[in-house]
$ cat model-v6.pdb   # PDB, C-alpha atoms
ATOM      1  CA  MET A  30      13.643  28.621 -26.783  1.00  0.00           C
ATOM      2  CA  ILE A  31      15.612  26.564 -24.262  1.00  0.00           C
ATOM      3  CA  ALA A  32      16.130  29.634 -22.058  1.00  0.00           C
ATOM      4  CA  LYS A  33      12.368  30.057 -21.854  1.00  0.00           C
ATOM      5  CA  LEU A  34      12.082  26.512 -20.443  1.00  0.00           C
ATOM      6  CA  ALA A  35      14.544  27.183 -17.602  1.00  0.00           C
ATOM      7  CA  PRO A  36      11.810  28.219 -15.110  1.00  0.00           C
ATOM      8  CA  VAL A  37       9.857  25.054 -15.920  1.00  0.00           C
ATOM      9  CA  LYS A  38      12.990  22.949 -15.416  1.00  0.00           C
ATOM     10  CA  ARG A  39      13.583  24.603 -12.030  1.00  0.00           C
ATOM     11  CA  ILE A  40      10.012  23.807 -11.003  1.00  0.00           C
ATOM     12  CA  PHE A  41      10.362  20.175 -12.105  1.00  0.00           C
ATOM     13  CA  ASP A  42      13.711  19.884 -10.311  1.00  0.00           C
ATOM     14  CA  LYS A  43      12.125  21.254  -7.130  1.00  0.00           C
ATOM     15  CA  LEU A  44       9.205  18.815  -7.431  1.00  0.00           C
ATOM     16  CA  THR A  45      11.670  15.945  -7.833  1.00  0.00           C
ATOM     17  CA  GLU A  46      13.575  17.192  -4.788  1.00  0.00           C
ATOM     18  CA  LEU A  47      10.334  17.231  -2.777  1.00  0.00           C
ATOM     19  CA  GLN A  48       9.125  13.798  -3.902  1.00  0.00           C
ATOM     20  CA  TRP A  49       9.761  12.491  -0.389  1.00  0.00           C
ATOM     21  CA  VAL A  50       6.906  14.673   0.902  1.00  0.00           C
ATOM     22  CA  TRP A  51       4.418  12.972  -1.396  1.00  0.00           C
ATOM     23  CA  LEU A  52       5.777   9.524  -0.516  1.00  0.00           C
ATOM     24  CA  PHE A  53       5.227  10.385   3.140  1.00  0.00           C
ATOM     25  CA  VAL A  54       1.664  11.609   2.544  1.00  0.00           C
ATOM     26  CA  MET A  55       0.845   8.534   0.436  1.00  0.00           C
ATOM     27  CA  ARG A  56       2.310   6.182   3.042  1.00  0.00           C
ATOM     28  CA  LEU A  57       0.187   7.857   5.730  1.00  0.00           C
ATOM     29  CA  GLY A  58      -2.979   7.633   3.654  1.00  0.00           C
ATOM     30  CA  VAL A  59      -2.576   4.062   2.409  1.00  0.00           C
ATOM     31  CA  GLY A  60      -1.140   2.875   5.724  1.00  0.00           C
ATOM     32  CA  CYS A  61      -4.041   4.385   7.655  1.00  0.00           C
ATOM     33  CA  GLU A  62      -6.511   2.719   5.286  1.00  0.00           C
ATOM     34  CA  PHE A  63      -5.009  -0.714   5.991  1.00  0.00           C
ATOM     35  CA  PHE A  64      -4.449  -0.067   9.693  1.00  0.00           C
ATOM     36  CA  LEU A  65      -8.116   0.806  10.220  1.00  0.00           C
ATOM     37  CA  SER A  66      -9.315  -2.015   7.973  1.00  0.00           C
ATOM     38  CA  GLY A  67      -7.172  -4.520   9.868  1.00  0.00           C
ATOM     39  CA  TRP A  68      -8.382  -3.148  13.212  1.00  0.00           C
ATOM     40  CA  GLY A  69     -11.976  -3.605  12.103  1.00  0.00           C
ATOM     41  CA  LYS A  70     -11.326  -7.139  10.855  1.00  0.00           C
ATOM     42  CA  LEU A  71      -9.542  -8.130  14.076  1.00  0.00           C
ATOM     43  CA  HIS A  72     -12.623  -7.083  16.043  1.00  0.00           C
ATOM     44  CA  ARG A  73     -15.020  -9.025  13.786  1.00  0.00           C
ATOM     45  CA  LEU A  74     -12.992 -12.145  13.015  1.00  0.00           C
ATOM     46  CA  ASP A  75     -16.027 -14.451  13.068  1.00  0.00           C
ATOM     47  CA  GLU A  76     -17.774 -12.346  10.414  1.00  0.00           C
ATOM     48  CA  ILE A  77     -14.618 -12.033   8.312  1.00  0.00           C
ATOM     49  CA  THR A  78     -13.970 -15.779   8.518  1.00  0.00           C
ATOM     50  CA  ALA A  79     -17.543 -16.483   7.402  1.00  0.00           C
ATOM     51  CA  TYR A  80     -17.122 -13.994   4.537  1.00  0.00           C
ATOM     52  CA  PHE A  81     -13.862 -15.683   3.460  1.00  0.00           C
ATOM     53  CA  GLU A  82     -15.644 -19.062   3.560  1.00  0.00           C
ATOM     54  CA  LYS A  83     -18.438 -17.633   1.395  1.00  0.00           C
ATOM     55  CA  LEU A  84     -15.778 -16.497  -1.092  1.00  0.00           C
ATOM     56  CA  HIS A  85     -14.311 -20.048  -1.060  1.00  0.00           C
ATOM     57  CA  ILE A  86     -10.939 -18.843   0.204  1.00  0.00           C
ATOM     58  CA  PRO A  87      -9.072 -21.944   1.404  1.00  0.00           C
ATOM     59  CA  ALA A  88      -8.388 -22.285   5.147  1.00  0.00           C
ATOM     60  CA  ALA A  89     -10.571 -19.280   5.922  1.00  0.00           C
ATOM     61  CA  SER A  90     -10.134 -19.771   9.679  1.00  0.00           C
ATOM     62  CA  ILE A  91      -6.383 -19.254   9.192  1.00  0.00           C
ATOM     63  CA  GLN A  92      -6.522 -16.726   6.356  1.00  0.00           C
ATOM     64  CA  ALA A  93      -8.949 -14.309   8.048  1.00  0.00           C
ATOM     65  CA  PRO A  94      -6.817 -13.651  11.148  1.00  0.00           C
ATOM     66  CA  PHE A  95      -3.674 -13.603   8.994  1.00  0.00           C
ATOM     67  CA  ILE A  96      -5.065 -10.954   6.635  1.00  0.00           C
ATOM     68  CA  ALA A  97      -6.531  -8.937   9.514  1.00  0.00           C
ATOM     69  CA  THR A  98      -3.149  -8.935  11.264  1.00  0.00           C
ATOM     70  CA  LEU A  99      -1.268  -8.215   8.020  1.00  0.00           C
ATOM     71  CA  GLU A 100      -3.494  -5.211   7.331  1.00  0.00           C
ATOM     72  CA  PHE A 101      -3.258  -3.915  10.905  1.00  0.00           C
ATOM     73  CA  VAL A 102       0.523  -4.360  11.332  1.00  0.00           C
ATOM     74  CA  GLY A 103       1.353  -3.642   7.686  1.00  0.00           C
ATOM     75  CA  GLY A 104      -0.695  -0.437   7.731  1.00  0.00           C
ATOM     76  CA  LEU A 105       1.019   0.760  10.898  1.00  0.00           C
ATOM     77  CA  LEU A 106       4.466  -0.023   9.494  1.00  0.00           C
ATOM     78  CA  LEU A 107       3.653   1.702   6.200  1.00  0.00           C
ATOM     79  CA  MET A 108       2.751   4.847   8.131  1.00  0.00           C
ATOM     80  CA  LEU A 109       6.073   4.628   9.990  1.00  0.00           C
ATOM     81  CA  GLY A 110       7.996   3.757   6.852  1.00  0.00           C
ATOM     82  CA  LEU A 111       9.415   0.506   8.230  1.00  0.00           C
ATOM     83  CA  GLY A 112       9.626  -2.466   5.874  1.00  0.00           C
ATOM     84  CA  THR A 113       7.814  -0.396   3.273  1.00  0.00           C
ATOM     85  CA  ARG A 114       8.845  -2.460   0.253  1.00  0.00           C
ATOM     86  CA  ILE A 115       8.077  -5.759   2.007  1.00  0.00           C
ATOM     87  CA  PHE A 116       4.675  -4.697   3.328  1.00  0.00           C
ATOM     88  CA  GLY A 117       3.847  -2.942   0.059  1.00  0.00           C
ATOM     89  CA  PHE A 118       4.395  -6.281  -1.671  1.00  0.00           C
ATOM     90  CA  LEU A 119       2.483  -8.371   0.898  1.00  0.00           C
ATOM     91  CA  LEU A 120      -0.478  -6.003   1.038  1.00  0.00           C
ATOM     92  CA  GLY A 121      -0.406  -5.729  -2.768  1.00  0.00           C
ATOM     93  CA  CYS A 122      -0.685  -9.508  -2.998  1.00  0.00           C
ATOM     94  CA  SER A 123      -3.681  -9.392  -0.648  1.00  0.00           C
ATOM     95  CA  MET A 124      -5.290  -6.863  -3.028  1.00  0.00           C
ATOM     96  CA  ILE A 125      -4.754  -9.275  -5.928  1.00  0.00           C
ATOM     97  CA  VAL A 126      -6.539 -11.991  -3.942  1.00  0.00           C
ATOM     98  CA  ALA A 127      -9.325  -9.529  -3.061  1.00  0.00           C
ATOM     99  CA  ILE A 128      -9.770  -8.635  -6.727  1.00  0.00           C
ATOM    100  CA  LEU A 129      -9.839 -12.288  -7.786  1.00  0.00           C
ATOM    101  CA  THR A 130     -12.215 -13.451  -5.052  1.00  0.00           C
ATOM    102  CA  ALA A 131     -14.376 -10.597  -3.800  1.00  0.00           C
ATOM    103  CA  VAL A 132     -15.020  -8.463  -6.866  1.00  0.00           C
ATOM    104  CA  ASP A 133     -18.008  -9.276  -9.057  1.00  0.00           C
ATOM    105  CA  PHE A 134     -17.105  -8.603 -12.695  1.00  0.00           C
ATOM    106  CA  LYS A 135     -20.393  -9.741 -14.240  1.00  0.00           C
ATOM    107  CA  GLY A 136     -21.584  -7.196 -16.771  1.00  0.00           C
ATOM    108  CA  LYS A 137     -18.791  -4.768 -15.992  1.00  0.00           C
ATOM    109  CA  GLY A 138     -16.203  -3.329 -18.307  1.00  0.00           C
ATOM    110  CA  LEU A 139     -12.633  -2.166 -18.087  1.00  0.00           C
ATOM    111  CA  SER A 140     -13.550   1.283 -16.768  1.00  0.00           C
ATOM    112  CA  ASP A 141     -15.431  -0.350 -13.869  1.00  0.00           C
ATOM    113  CA  PHE A 142     -12.325  -2.398 -13.066  1.00  0.00           C
ATOM    114  CA  LEU A 143     -10.011   0.618 -13.218  1.00  0.00           C
ATOM    115  CA  TYR A 144     -12.187   2.444 -10.664  1.00  0.00           C
ATOM    116  CA  LEU A 145     -11.977  -0.365  -8.106  1.00  0.00           C
ATOM    117  CA  SER A 146     -10.440   0.777  -4.838  1.00  0.00           C
ATOM    118  CA  GLU A 147      -8.605  -2.566  -4.667  1.00  0.00           C
ATOM    119  CA  TRP A 148      -6.993  -1.909  -8.063  1.00  0.00           C
ATOM    120  CA  LEU A 149      -5.959   1.620  -7.085  1.00  0.00           C
ATOM    121  CA  LEU A 150      -4.546   0.390  -3.768  1.00  0.00           C
ATOM    122  CA  LEU A 151      -2.668  -2.342  -5.633  1.00  0.00           C
ATOM    123  CA  LEU A 152      -1.046   0.278  -7.877  1.00  0.00           C
ATOM    124  CA  LEU A 153      -0.054   2.426  -4.898  1.00  0.00           C
ATOM    125  CA  LEU A 154       1.285  -0.526  -2.920  1.00  0.00           C
ATOM    126  CA  PHE A 155       3.468  -1.730  -5.781  1.00  0.00           C
ATOM    127  CA  TRP A 156       4.638   1.852  -6.272  1.00  0.00           C
ATOM    128  CA  PHE A 157       5.967   1.638  -2.688  1.00  0.00           C
ATOM    129  CA  VAL A 158       7.744  -1.603  -3.624  1.00  0.00           C
ATOM    130  CA  PHE A 159       9.649   0.216  -6.370  1.00  0.00           C
ATOM    131  CA  ALA A 160       9.959   3.716  -4.845  1.00  0.00           C
ATOM    132  CA  GLY A 161      10.608   2.770  -1.239  1.00  0.00           C
ATOM    133  CA  ALA A 162       9.538   4.844   1.744  1.00  0.00           C
ATOM    134  CA  GLY A 163      11.268   8.133   1.029  1.00  0.00           C
ATOM    135  CA  LYS A 164      13.436  10.344   3.256  1.00  0.00           C
ATOM    136  CA  LEU A 165      10.990  10.683   6.136  1.00  0.00           C
ATOM    137  CA  SER A 166      10.886   7.047   7.213  1.00  0.00           C
ATOM    138  CA  ILE A 167      12.468   4.532   9.523  1.00  0.00           C
ATOM    139  CA  ASP A 168      13.685   2.685   6.415  1.00  0.00           C
ATOM    140  CA  ALA A 169      15.688   5.785   5.417  1.00  0.00           C
ATOM    141  CA  MET A 170      17.152   6.147   8.925  1.00  0.00           C
ATOM    142  CA  ILE A 171      18.239   2.489   8.905  1.00  0.00           C
ATOM    143  CA  ALA A 172      19.774   2.851   5.431  1.00  0.00           C
ATOM    144  CA  LYS A 173      21.624   6.025   6.474  1.00  0.00           C
ATOM    145  CA  ARG A 174      22.956   4.371   9.621  1.00  0.00           C
ATOM    146  CA  SER A 175      24.138   1.301   7.703  1.00  0.00           C
ATOM    147  CA  ARG A 176      25.968   3.560   5.171  1.00  0.00           C
ATOM    148  CA  THR A 177      27.776   5.437   7.942  1.00  0.00           C
ATOM    149  CA  GLU A 178      28.823   2.212   9.695  1.00  0.00           C
ATOM    150  CA  ARG A 179      30.673   0.898   6.629  1.00  0.00           C
TER     151      ARG A 179
END
$ encode --input "model-v6.pdb" --output "structure tokens"
Amino acid sequence: MIAKLAPVKRIFDKLTELQWVWLFVMRLGVGCEFFLSGWGKLHRLDEITAYFEKLHIPAASIQAPFIATLEFVGGLLLMLGLGTRIFGFLLGCSMIVAILTAVDFKGKGLSDFLYLSEWLLLLLLFWFVFAGAGKLSIDAMIAKRSRTER
């Protein structure tokens, strides 16, 4: 019976070996999402500030440019794989705030919540916090260089 599972084990081992490819693709996708969102916010700061005020976010005139810049810079750095764990955490925290302030839960159930793009982005961002950037990243190059310098 175990011999019959050997091909499956080889496939799973190969998938594990290639996990870095998926981390790279996910970083590109999520990073691009935030990069473009931040770019849009930076070019409409007055509207975003007014929206933050409407949501009763404190210090909206400070928070709006901060979040716009965080999304723009954080998205770019996620795509490059630089500071992945840090920016995954910071952007994840911004998704928590978005869920708590901008999402209307009236009359909605758990399945509605689980389909929120903010929730799904939060899960992906915190996955980066735990998984890191993968082999194809500036983070990996820095880590490799620091290991060789010891």
$ closest_residue --input "model-v6.pdb" --among "A:Gly161, A:Pro94, A:Gly60, A:Gly138" --to "Leu107 in chain A" --atoms "all atoms listed in the file"
A:Gly60
$ residues_around --input "model-v6.pdb" --residues "range 31-48 of chain A" --least-positions-apart "2" --cutoff "10 Å" --atoms "all atoms listed in the file" --output "ChimeraX atom specification"
/A:50-53,163-164
$ write_last_selection --input "model-v6.pdb" --atoms "C-alpha atoms" --output "PDB file, keeping the file's coordinate frame"
ATOM      1  CA  VAL A  50       6.906  14.673   0.902  1.00  0.00           C
ATOM      2  CA  TRP A  51       4.418  12.972  -1.396  1.00  0.00           C
ATOM      3  CA  LEU A  52       5.777   9.524  -0.516  1.00  0.00           C
ATOM      4  CA  PHE A  53       5.227  10.385   3.140  1.00  0.00           C
ATOM      5  CA  GLY A 163      11.268   8.133   1.029  1.00  0.00           C
ATOM      6  CA  LYS A 164      13.436  10.344   3.256  1.00  0.00           C
TER       7      LYS A 164
END
$ residues_around --input "model-v6.pdb" --residues "Ala97 in chain A" --least-positions-apart "5" --cutoff "6 Å" --atoms "all atoms listed in the file" --output "NGL selection string"
:A and (67 or 70-71)
$ residues_around --input "model-v6.pdb" --residues "Thr130 in chain A" --least-positions-apart "6" --cutoff "9 Å" --atoms "all atoms listed in the file" --output "list in words"
Phe81, Leu84, His85 and Ile86 of chain A
$ atom_distance --input "model-v6.pdb" --atom1 "CA of Met170 in chain A" --atom2 "CA of Leu65 in chain A"
25.9 Å
$ atom_distance --input "model-v6.pdb" --atom1 "CA of Ser66 in chain A" --atom2 "CA of Phe159 in chain A"
23.9 Å
$ closest_residue --input "model-v6.pdb" --among "A:Gly110, A:Gly136, A:Gly103, A:Gly58" --to "Ala169 in chain A" --atoms "only C-alpha atoms"
A:Gly110
$ atom_distance --input "model-v6.pdb" --atom1 "CA of Phe63 in chain A" --atom2 "CA of Met108 in chain A"
9.8 Å
$ resolve_selection --input "model-v6.pdb" --expression "the PyMOL selection byres ((chain A and resi 141-151) around 8)" --output "NGL selection string"
:A and (59 or 120-122 or 124-125 or 127-128 or 134 or 137-140 or 152-155)
$ closest_residue --input "model-v6.pdb" --among "A:Ser166, A:Ser175, A:Thr78, A:Thr113" --to "Phe95 in chain A" --atoms "only C-alpha atoms"
A:Thr78
$ closest_residue --input "model-v6.pdb" --among "A:Ile96, A:Ala88, A:Leu105, A:Leu57" --to "Leu74 in chain A" --atoms "only C-alpha atoms"
A:Ile96
$ closest_residue --input "model-v6.pdb" --among "A:Ile115, A:Ala172, A:Ile167, A:Val102" --to "Glu62 in chain A" --atoms "only C-alpha atoms"
A:Val102
$ residues_around --input "model-v6.pdb" --residues "Arg114 in chain A" --least-positions-apart "4" --cutoff "7 Å" --atoms "all atoms listed in the file" --output "PyMOL selection string"
chain A and resi 118+157-158+161
$ build_atoms --input "model-v6.pdb" --residues "range 49-61 of chain A" --atoms "N, CA and C atoms" --output "CSV table (one decimal), in the frame of the given file"
chain,number,residue,atom,x,y,z
A,49,TRP,N,9.9,13.2,-1.7
A,49,TRP,CA,9.8,12.5,-0.4
A,49,TRP,C,8.5,12.9,0.4
A,50,VAL,N,8.1,14.2,0.2
A,50,VAL,CA,6.9,14.7,0.9
A,50,VAL,C,5.7,13.9,0.4
A,51,TRP,N,5.6,13.7,-0.9
A,51,TRP,CA,4.4,13.0,-1.4
A,51,TRP,C,4.5,11.5,-1.0
A,52,LEU,N,5.7,10.9,-1.0
A,52,LEU,CA,5.8,9.5,-0.5
A,52,LEU,C,5.3,9.4,0.9
A,53,PHE,N,5.7,10.4,1.7
A,53,PHE,CA,5.2,10.4,3.1
A,53,PHE,C,3.7,10.5,3.2
A,54,VAL,N,3.1,11.4,2.5
A,54,VAL,CA,1.7,11.6,2.5
A,54,VAL,C,1.0,10.3,2.0
A,55,MET,N,1.5,9.7,1.0
A,55,MET,CA,0.8,8.5,0.4
A,55,MET,C,1.0,7.4,1.4
A,56,ARG,N,2.1,7.2,2.1
A,56,ARG,CA,2.3,6.2,3.0
A,56,ARG,C,1.3,6.4,4.2
A,57,LEU,N,1.1,7.6,4.6
A,57,LEU,CA,0.2,7.9,5.7
A,57,LEU,C,-1.2,7.5,5.3
A,58,GLY,N,-1.6,7.9,4.1
A,58,GLY,CA,-3.0,7.6,3.7
A,58,GLY,C,-3.2,6.2,3.4
A,59,VAL,N,-2.4,5.5,2.7
A,59,VAL,CA,-2.6,4.1,2.4
A,59,VAL,C,-2.4,3.2,3.7
A,60,GLY,N,-1.4,3.6,4.5
A,60,GLY,CA,-1.1,2.9,5.7
A,60,GLY,C,-2.3,3.0,6.7
A,61,CYS,N,-2.9,4.2,6.8
A,61,CYS,CA,-4.0,4.4,7.7
A,61,CYS,C,-5.2,3.6,7.2
